[in-house]
$ cat model_31.cif   # mmCIF, C-alpha atoms and all ligand atoms
data_protein
#
loop_
_atom_site.label_atom_id
_atom_site.label_comp_id
_atom_site.auth_asym_id
_atom_site.auth_seq_id
_atom_site.Cartn_x
_atom_site.Cartn_y
_atom_site.Cartn_z
CA MET A 23 -49.53 -74.30 15.37
CA ASN A 24 -49.04 -71.38 12.98
CA PHE A 25 -49.12 -70.87 9.25
CA ILE A 26 -47.02 -68.85 6.86
CA VAL A 27 -47.97 -67.80 3.35
CA ALA A 28 -47.54 -65.10 0.72
CA VAL A 29 -50.79 -63.75 -0.74
CA ASP A 30 -51.71 -61.03 -3.20
CA ASN A 31 -54.69 -58.65 -3.09
CA ASN A 32 -57.00 -61.53 -4.10
CA TRP A 33 -55.48 -63.91 -1.55
CA ALA A 34 -54.06 -65.83 -4.50
CA ILE A 35 -51.08 -68.06 -3.66
CA GLY A 36 -50.29 -70.13 -6.73
CA LYS A 37 -50.58 -70.85 -10.41
CA LYS A 38 -49.92 -74.08 -12.33
CA GLY A 39 -48.40 -75.76 -9.26
CA GLY A 40 -45.92 -72.96 -8.54
CA LEU A 41 -45.67 -69.53 -6.96
CA ILE A 42 -46.96 -66.42 -8.74
CA TYR A 43 -44.41 -63.85 -7.56
CA ASN A 44 -40.63 -63.90 -7.24
CA LEU A 45 -39.64 -62.22 -3.97
CA PRO A 46 -36.24 -63.42 -2.69
CA SER A 47 -36.63 -61.42 0.53
CA ASP A 48 -39.89 -63.23 1.26
CA LEU A 49 -38.17 -66.58 0.71
CA ALA A 50 -35.46 -65.42 3.15
CA TYR A 51 -38.19 -64.49 5.67
CA PHE A 52 -39.79 -67.90 5.20
CA LYS A 53 -36.44 -69.59 5.80
CA LYS A 54 -35.75 -67.51 8.92
CA MET A 55 -39.19 -68.18 10.38
CA THR A 56 -39.25 -71.94 9.71
CA SER A 57 -35.63 -73.04 10.18
CA GLY A 58 -35.27 -75.54 13.01
CA LYS A 59 -39.07 -75.98 13.08
CA VAL A 60 -41.61 -78.53 11.90
CA VAL A 61 -43.21 -77.77 8.52
CA VAL A 62 -46.49 -79.35 7.40
CA MET A 63 -47.41 -79.34 3.73
CA GLY A 64 -49.56 -80.99 1.09
CA GLU A 65 -48.00 -83.28 -1.48
CA ARG A 66 -48.30 -80.78 -4.34
CA THR A 67 -46.39 -78.14 -2.37
CA TYR A 68 -43.73 -80.71 -1.43
CA LEU A 69 -43.28 -81.67 -5.08
CA SER A 70 -42.99 -77.99 -6.05
CA LEU A 71 -40.02 -77.36 -3.75
CA PRO A 72 -36.75 -76.73 -5.59
CA LYS A 73 -34.86 -78.48 -2.75
CA LYS A 74 -36.65 -81.33 -0.99
CA PRO A 75 -36.97 -82.01 1.84
CA LEU A 76 -36.56 -78.45 3.14
CA PRO A 77 -33.20 -78.46 4.92
CA ASN A 78 -32.89 -77.95 8.69
CA ARG A 79 -36.61 -78.56 9.20
CA THR A 80 -38.74 -81.58 10.09
CA ASN A 81 -40.80 -82.05 6.90
CA ILE A 82 -44.27 -83.56 7.23
CA VAL A 83 -46.13 -84.28 3.98
CA LEU A 84 -49.85 -85.02 3.67
CA SER A 85 -50.53 -87.45 0.84
CA ALA A 86 -53.86 -89.23 0.70
CA ASP A 87 -52.56 -91.95 -1.61
CA GLY A 88 -49.82 -92.94 0.82
CA ASN A 89 -46.78 -91.82 -1.21
CA LYS A 90 -43.49 -91.82 0.68
CA TYR A 91 -40.58 -89.40 0.25
CA ASP A 92 -37.04 -89.83 1.58
CA GLY A 93 -36.25 -87.45 4.40
CA ALA A 94 -39.89 -86.53 5.00
CA ILE A 95 -42.51 -87.89 7.37
CA CYS A 96 -45.50 -88.84 5.23
CA VAL A 97 -49.01 -89.04 6.65
CA SER A 98 -52.14 -89.97 4.76
CA SER A 99 -54.91 -88.45 6.89
CA LEU A 100 -55.63 -85.66 9.37
CA ASP A 101 -55.82 -88.29 12.15
CA GLU A 102 -52.32 -89.46 11.31
CA LEU A 103 -51.14 -85.86 11.16
CA SER A 104 -52.69 -85.11 14.53
CA ALA A 105 -50.97 -88.15 16.09
CA GLU A 106 -47.61 -87.12 14.59
CA LEU A 107 -47.93 -83.50 15.77
CA LYS A 108 -48.35 -84.63 19.39
CA LYS A 109 -44.57 -85.24 19.36
CA TYR A 110 -43.75 -81.54 18.93
CA ASP A 111 -44.28 -78.26 20.72
CA THR A 112 -47.27 -76.80 18.85
CA GLU A 113 -45.63 -73.34 18.69
CA ASN A 114 -42.85 -74.86 16.58
CA VAL A 115 -45.22 -76.25 13.94
CA PHE A 116 -45.74 -74.23 10.75
CA VAL A 117 -48.27 -75.08 8.07
CA ILE A 118 -46.62 -74.07 4.79
CA GLY A 119 -49.27 -74.89 2.18
CA GLY A 120 -50.73 -75.31 -0.24
CA ALA A 121 -54.26 -74.00 -0.44
CA SER A 122 -55.99 -77.27 0.47
CA VAL A 123 -53.91 -77.61 3.64
CA TYR A 124 -54.07 -73.92 4.61
CA ASN A 125 -57.85 -73.85 4.25
CA LEU A 126 -58.21 -77.10 6.19
CA LEU A 127 -55.94 -76.16 9.10
CA MET A 128 -56.01 -72.35 9.32
CA ASP A 129 -58.56 -72.20 12.12
CA ASN A 130 -56.45 -74.67 14.12
CA CYS A 131 -53.59 -72.16 13.94
CA ARG A 132 -52.92 -69.42 16.50
CA LEU A 133 -50.83 -67.08 14.37
CA ALA A 134 -50.66 -66.50 10.63
CA TYR A 135 -47.56 -64.93 9.11
CA ILE A 136 -48.91 -63.38 5.94
CA THR A 137 -46.75 -61.63 3.39
CA LYS A 138 -49.19 -59.32 1.61
CA ILE A 139 -48.13 -58.46 -1.91
CA ASN A 140 -49.85 -55.38 -3.30
CA ALA A 141 -50.54 -56.86 -6.74
CA GLU A 142 -53.06 -58.89 -8.72
CA LYS A 143 -52.11 -61.46 -11.34
CA PRO A 144 -53.80 -64.45 -12.97
CA ALA A 145 -53.86 -67.38 -10.51
CA ASP A 146 -55.58 -70.72 -9.96
CA THR A 147 -55.01 -71.28 -6.23
CA TYR A 148 -56.39 -69.13 -3.40
CA ILE A 149 -56.73 -69.25 0.37
CA ASN A 150 -59.59 -67.97 2.48
CA ASN A 151 -59.36 -64.22 3.13
CA LEU A 152 -58.58 -63.75 6.84
CA ASP A 153 -59.94 -60.18 6.72
CA LYS A 154 -63.38 -61.74 6.12
CA LYS A 155 -63.13 -64.26 8.96
CA PRO A 156 -64.42 -62.87 12.28
CA ASN A 157 -62.09 -64.98 14.41
CA TRP A 158 -58.95 -63.50 12.83
CA ARG A 159 -57.52 -60.03 13.48
CA LEU A 160 -54.52 -58.22 12.07
CA ALA A 161 -52.12 -57.96 15.02
CA ALA A 162 -49.01 -56.45 13.43
CA GLN A 163 -47.87 -55.08 10.11
CA SER A 164 -44.40 -54.10 8.90
CA GLN A 165 -43.46 -51.10 6.82
CA VAL A 166 -43.87 -51.44 3.07
CA PHE A 167 -40.92 -53.08 1.31
CA GLU A 168 -40.18 -53.07 -2.42
CA GLU A 169 -38.46 -55.73 -4.51
CA ASN A 170 -38.65 -56.68 -8.19
CA GLY A 171 -41.13 -53.87 -8.73
CA LEU A 172 -43.52 -55.25 -6.07
CA ASN A 173 -44.64 -53.60 -2.83
CA PHE A 174 -45.29 -55.93 0.08
CA THR A 175 -45.69 -56.01 3.87
CA PHE A 176 -45.11 -58.70 6.48
CA CYS A 177 -48.28 -59.10 8.55
CA VAL A 178 -49.12 -61.18 11.60
CA TYR A 179 -52.73 -62.22 12.14
CA GLU A 180 -53.99 -63.67 15.40
CA ASN A 181 -56.78 -66.21 15.74
CA LYS A 182 -59.05 -65.23 18.63
CA LYS A 183 -60.78 -68.61 18.66
CA VAL A 184 -58.35 -71.43 17.90
CA THR A 185 -60.09 -74.71 17.09
CA LYS A 186 -58.35 -77.61 18.81
CA PHE A 187 -56.64 -79.96 16.36
N1 LIG B 201 -47.79 -68.38 -1.85
C1 LIG B 201 -47.40 -69.26 -0.94
O1 LIG B 201 -46.93 -68.88 0.13
C2 LIG B 201 -47.55 -70.73 -1.21
C3 LIG B 201 -47.15 -71.66 -0.22
C4 LIG B 201 -47.33 -73.01 -0.49
C5 LIG B 201 -47.87 -73.42 -1.70
N2 LIG B 201 -48.24 -72.50 -2.62
C6 LIG B 201 -48.84 -72.90 -3.90
O2 LIG B 201 -50.03 -73.64 -3.64
C7 LIG B 201 -50.25 -74.53 -4.75
C8 LIG B 201 -50.47 -75.93 -4.21
O3 LIG B 201 -51.64 -75.95 -3.42
P1 LIG B 201 -52.72 -77.13 -3.60
O4 LIG B 201 -53.89 -76.81 -2.73
O5 LIG B 201 -52.94 -77.34 -5.04
O6 LIG B 201 -51.93 -78.43 -3.11
P2 LIG B 201 -51.33 -78.86 -1.66
O7 LIG B 201 -52.23 -78.44 -0.58
O8 LIG B 201 -49.90 -78.46 -1.59
O9 LIG B 201 -51.29 -80.44 -1.81
C9 LIG B 201 -52.44 -81.15 -2.06
C10 LIG B 201 -52.12 -82.59 -1.72
O10 LIG B 201 -52.16 -82.77 -0.31
C11 LIG B 201 -52.96 -83.91 -0.02
N3 LIG B 201 -53.85 -83.62 1.08
C12 LIG B 201 -54.48 -82.45 1.35
N4 LIG B 201 -55.30 -82.61 2.42
C13 LIG B 201 -55.18 -83.91 2.80
C14 LIG B 201 -55.78 -84.69 3.82
N5 LIG B 201 -56.66 -84.17 4.67
N6 LIG B 201 -55.42 -85.97 3.93
C15 LIG B 201 -54.53 -86.51 3.07
N7 LIG B 201 -53.94 -85.84 2.09
C16 LIG B 201 -54.27 -84.55 1.95
C17 LIG B 201 -53.83 -84.13 -1.23
O11 LIG B 201 -54.06 -85.49 -1.42
P3 LIG B 201 -55.35 -85.99 -2.31
O12 LIG B 201 -55.53 -85.02 -3.42
O13 LIG B 201 -54.93 -87.33 -2.76
O14 LIG B 201 -56.50 -85.95 -1.36
C18 LIG B 201 -53.03 -83.56 -2.38
O15 LIG B 201 -52.25 -84.55 -2.96
C19 LIG B 201 -49.02 -74.42 -5.63
O16 LIG B 201 -49.28 -73.53 -6.70
C20 LIG B 201 -47.97 -73.84 -4.71
O17 LIG B 201 -46.95 -73.15 -5.39
C21 LIG B 201 -48.08 -71.16 -2.40
#
$ encode --input "model_31.cif" --output "structure tokens"
Amino acid sequence: MNFIVAVDNNWAIGKKGGLIYNLPSDLAYFKKMTSGKVVVMGERTYLSLPKKPLPNRTNIVLSADGNKYDGAICVSSLDELSAELKKYDTENVFVIGGASVYNLLMDNCRLAYITKINAEKPADTYINNLDKKPNWRLAAQSQVFEENGLNFTFCVYENKKVTKF
């Protein structure tokens, strides 16, 4: 299992239920990395998607209150999620947010695809900073790209001690 996320210098990922930054090339990267795969997300992230379910992907939505969504597999607990994920090759599973789900499952992931945006803006949703977690190391980093006045890099972090899920 892996996760993919865009963070800024404060590891902020969202504000008022949506994204903070507009980076079409990051959305294209997200699409390329997750197409044909299984994506796991919290209900708030699912509801924030402009097009739901995400096309050409198996969508799994965590919703504690048991809500159901057409075209998505809905699970209401981590036990149910774990049972569902047994059906897939773990390398094809991507956790795609939001903060509650990233923070819960990040240490169960082997790789983290982190788009690092060199900026700081007001935010209300953050994930744990992998640079401060001893089990994670930065394994690869792209050149710096620029779009919409923002500088960003595509990074891959590796978890040296994956916790079994
Ligand atoms: N920058 C990025 O790459 C990125 C990516 C994705 C999302 N985001 C942003 O992140 C924000 C949303 O994050 P969020 O943390 O507020 O919401 P979230 O994680 O997307 O969704 C939270 C929901 O998931 C359910 N859930 C979480 N853990 C669960 C569990 N163990 N069992 C059952 N249900 C569970 C919760 O149910 P209960 O509350 O009922 O327990 C809650 O309804 C938005 O601003 C979004 O735009 C950013």
$ residues_near_ligand --input "model_31.cif" --ligand "ligand LIG 201 (chain B)" --cutoff "6 Å" --atoms "only C-alpha atoms and all ligand atoms" --output "PDB file with C-alpha atoms, keeping the file's coordinate frame"
ATOM      1  CA  VAL A  27     -47.970 -67.800   3.350  1.00  0.00           C
ATOM      2  CA  ALA A  28     -47.540 -65.100   0.720  1.00  0.00           C
ATOM      3  CA  VAL A  29     -50.790 -63.750  -0.740  1.00  0.00           C
ATOM      4  CA  ILE A  35     -51.080 -68.060  -3.660  1.00  0.00           C
ATOM      5  CA  GLY A  36     -50.290 -70.130  -6.730  1.00  0.00           C
ATOM      6  CA  LYS A  37     -50.580 -70.850 -10.410  1.00  0.00           C
ATOM      7  CA  LYS A  38     -49.920 -74.080 -12.330  1.00  0.00           C
ATOM      8  CA  GLY A  39     -48.400 -75.760  -9.260  1.00  0.00           C
ATOM      9  CA  GLY A  40     -45.920 -72.960  -8.540  1.00  0.00           C
ATOM     10  CA  LEU A  41     -45.670 -69.530  -6.960  1.00  0.00           C
ATOM     11  CA  MET A  63     -47.410 -79.340   3.730  1.00  0.00           C
ATOM     12  CA  GLY A  64     -49.560 -80.990   1.090  1.00  0.00           C
ATOM     13  CA  GLU A  65     -48.000 -83.280  -1.480  1.00  0.00           C
ATOM     14  CA  ARG A  66     -48.300 -80.780  -4.340  1.00  0.00           C
ATOM     15  CA  THR A  67     -46.390 -78.140  -2.370  1.00  0.00           C
ATOM     16  CA  LEU A  84     -49.850 -85.020   3.670  1.00  0.00           C
ATOM     17  CA  SER A  85     -50.530 -87.450   0.840  1.00  0.00           C
ATOM     18  CA  ALA A  86     -53.860 -89.230   0.700  1.00  0.00           C
ATOM     19  CA  ASP A  87     -52.560 -91.950  -1.610  1.00  0.00           C
ATOM     20  CA  SER A  98     -52.140 -89.970   4.760  1.00  0.00           C
ATOM     21  CA  SER A  99     -54.910 -88.450   6.890  1.00  0.00           C
ATOM     22  CA  LEU A 100     -55.630 -85.660   9.370  1.00  0.00           C
ATOM     23  CA  ILE A 118     -46.620 -74.070   4.790  1.00  0.00           C
ATOM     24  CA  GLY A 119     -49.270 -74.890   2.180  1.00  0.00           C
ATOM     25  CA  GLY A 120     -50.730 -75.310  -0.240  1.00  0.00           C
ATOM     26  CA  ALA A 121     -54.260 -74.000  -0.440  1.00  0.00           C
ATOM     27  CA  SER A 122     -55.990 -77.270   0.470  1.00  0.00           C
ATOM     28  CA  VAL A 123     -53.910 -77.610   3.640  1.00  0.00           C
ATOM     29  CA  THR A 147     -55.010 -71.280  -6.230  1.00  0.00           C
TER      30      THR A 147
END
$ atom_distance --input "model_31.cif" --atom1 "CA of Thr112 in chain A" --atom2 "CA of Met23 in chain A"
4.8 Å
$ atom_distance --input "model_31.cif" --atom1 "CA of Phe174 in chain A" --atom2 "CA of Thr56 in chain A"
19.6 Å
$ residues_around --input "model_31.cif" --residues "Glu102 in chain A" --least-positions-apart "3" --cutoff "12 Å" --atoms "only C-alpha atoms" --output "PyMOL selection string"
chain A and resi 82-86+88+95-99+105-109+187
$ write_last_selection --input "model_31.cif" --atoms "C-alpha atoms" --output "PDB file, keeping the file's coordinate frame"
ATOM      1  CA  ILE A  82     -44.270 -83.560   7.230  1.00  0.00           C
ATOM      2  CA  VAL A  83     -46.130 -84.280   3.980  1.00  0.00           C
ATOM      3  CA  LEU A  84     -49.850 -85.020   3.670  1.00  0.00           C
ATOM      4  CA  SER A  85     -50.530 -87.450   0.840  1.00  0.00           C
ATOM      5  CA  ALA A  86     -53.860 -89.230   0.700  1.00  0.00           C
ATOM      6  CA  GLY A  88     -49.820 -92.940   0.820  1.00  0.00           C
ATOM      7  CA  ILE A  95     -42.510 -87.890   7.370  1.00  0.00           C
ATOM      8  CA  CYS A  96     -45.500 -88.840   5.230  1.00  0.00           C
ATOM      9  CA  VAL A  97     -49.010 -89.040   6.650  1.00  0.00           C
ATOM     10  CA  SER A  98     -52.140 -89.970   4.760  1.00  0.00           C
ATOM     11  CA  SER A  99     -54.910 -88.450   6.890  1.00  0.00           C
ATOM     12  CA  ALA A 105     -50.970 -88.150  16.090  1.00  0.00           C
ATOM     13  CA  GLU A 106     -47.610 -87.120  14.590  1.00  0.00           C
ATOM     14  CA  LEU A 107     -47.930 -83.500  15.770  1.00  0.00           C
ATOM     15  CA  LYS A 108     -48.350 -84.630  19.390  1.00  0.00           C
ATOM     16  CA  LYS A 109     -44.570 -85.240  19.360  1.00  0.00           C
ATOM     17  CA  PHE A 187     -56.640 -79.960  16.360  1.00  0.00           C
TER      18      PHE A 187
END
$ atom_distance --input "model_31.cif" --atom1 "CA of Trp158 in chain A" --atom2 "CA of Val117 in chain A"
16.5 Å
$ residues_around --input "model_31.cif" --residues "range 162-167 of chain A" --least-positions-apart "3" --cutoff "12 Å" --atoms "all atoms listed in the file" --output "PyMOL selection string"
chain A and resi 45+47-48+133-140+159+170-180
$ closest_residue --input "model_31.cif" --among "A:Glu142, A:Glu168, A:Asp153, A:Asp129" --to "Lys182 in chain A" --atoms "all atoms listed in the file"
A:Asp129
$ closest_residue --input "model_31.cif" --among "A:Asp92, A:Glu113, A:Asp146, A:Asp30" --to "Met55 in chain A" --atoms "all atoms listed in the file"
A:Glu113
$ residues_near_point --input "model_31.cif" --point "(-59.8, -68.8, -3.2)" --cutoff "8 Å" --atoms "all atoms listed in the file" --output "PyMOL selection string"
chain A and resi 32-34+147-151
$ write_last_selection --input "model_31.cif" --atoms "C-alpha atoms" --output "PDB file, in the frame of the given file"
ATOM      1  CA  ASN A  32     -57.000 -61.530  -4.100  1.00  0.00           C
ATOM      2  CA  TRP A  33     -55.480 -63.910  -1.550  1.00  0.00           C
ATOM      3  CA  ALA A  34     -54.060 -65.830  -4.500  1.00  0.00           C
ATOM      4  CA  THR A 147     -55.010 -71.280  -6.230  1.00  0.00           C
ATOM      5  CA  TYR A 148     -56.390 -69.130  -3.400  1.00  0.00           C
ATOM      6  CA  ILE A 149     -56.730 -69.250   0.370  1.00  0.00           C
ATOM      7  CA  ASN A 150     -59.590 -67.970   2.480  1.00  0.00           C
ATOM      8  CA  ASN A 151     -59.360 -64.220   3.130  1.00  0.00           C
TER       9      ASN A 151
END
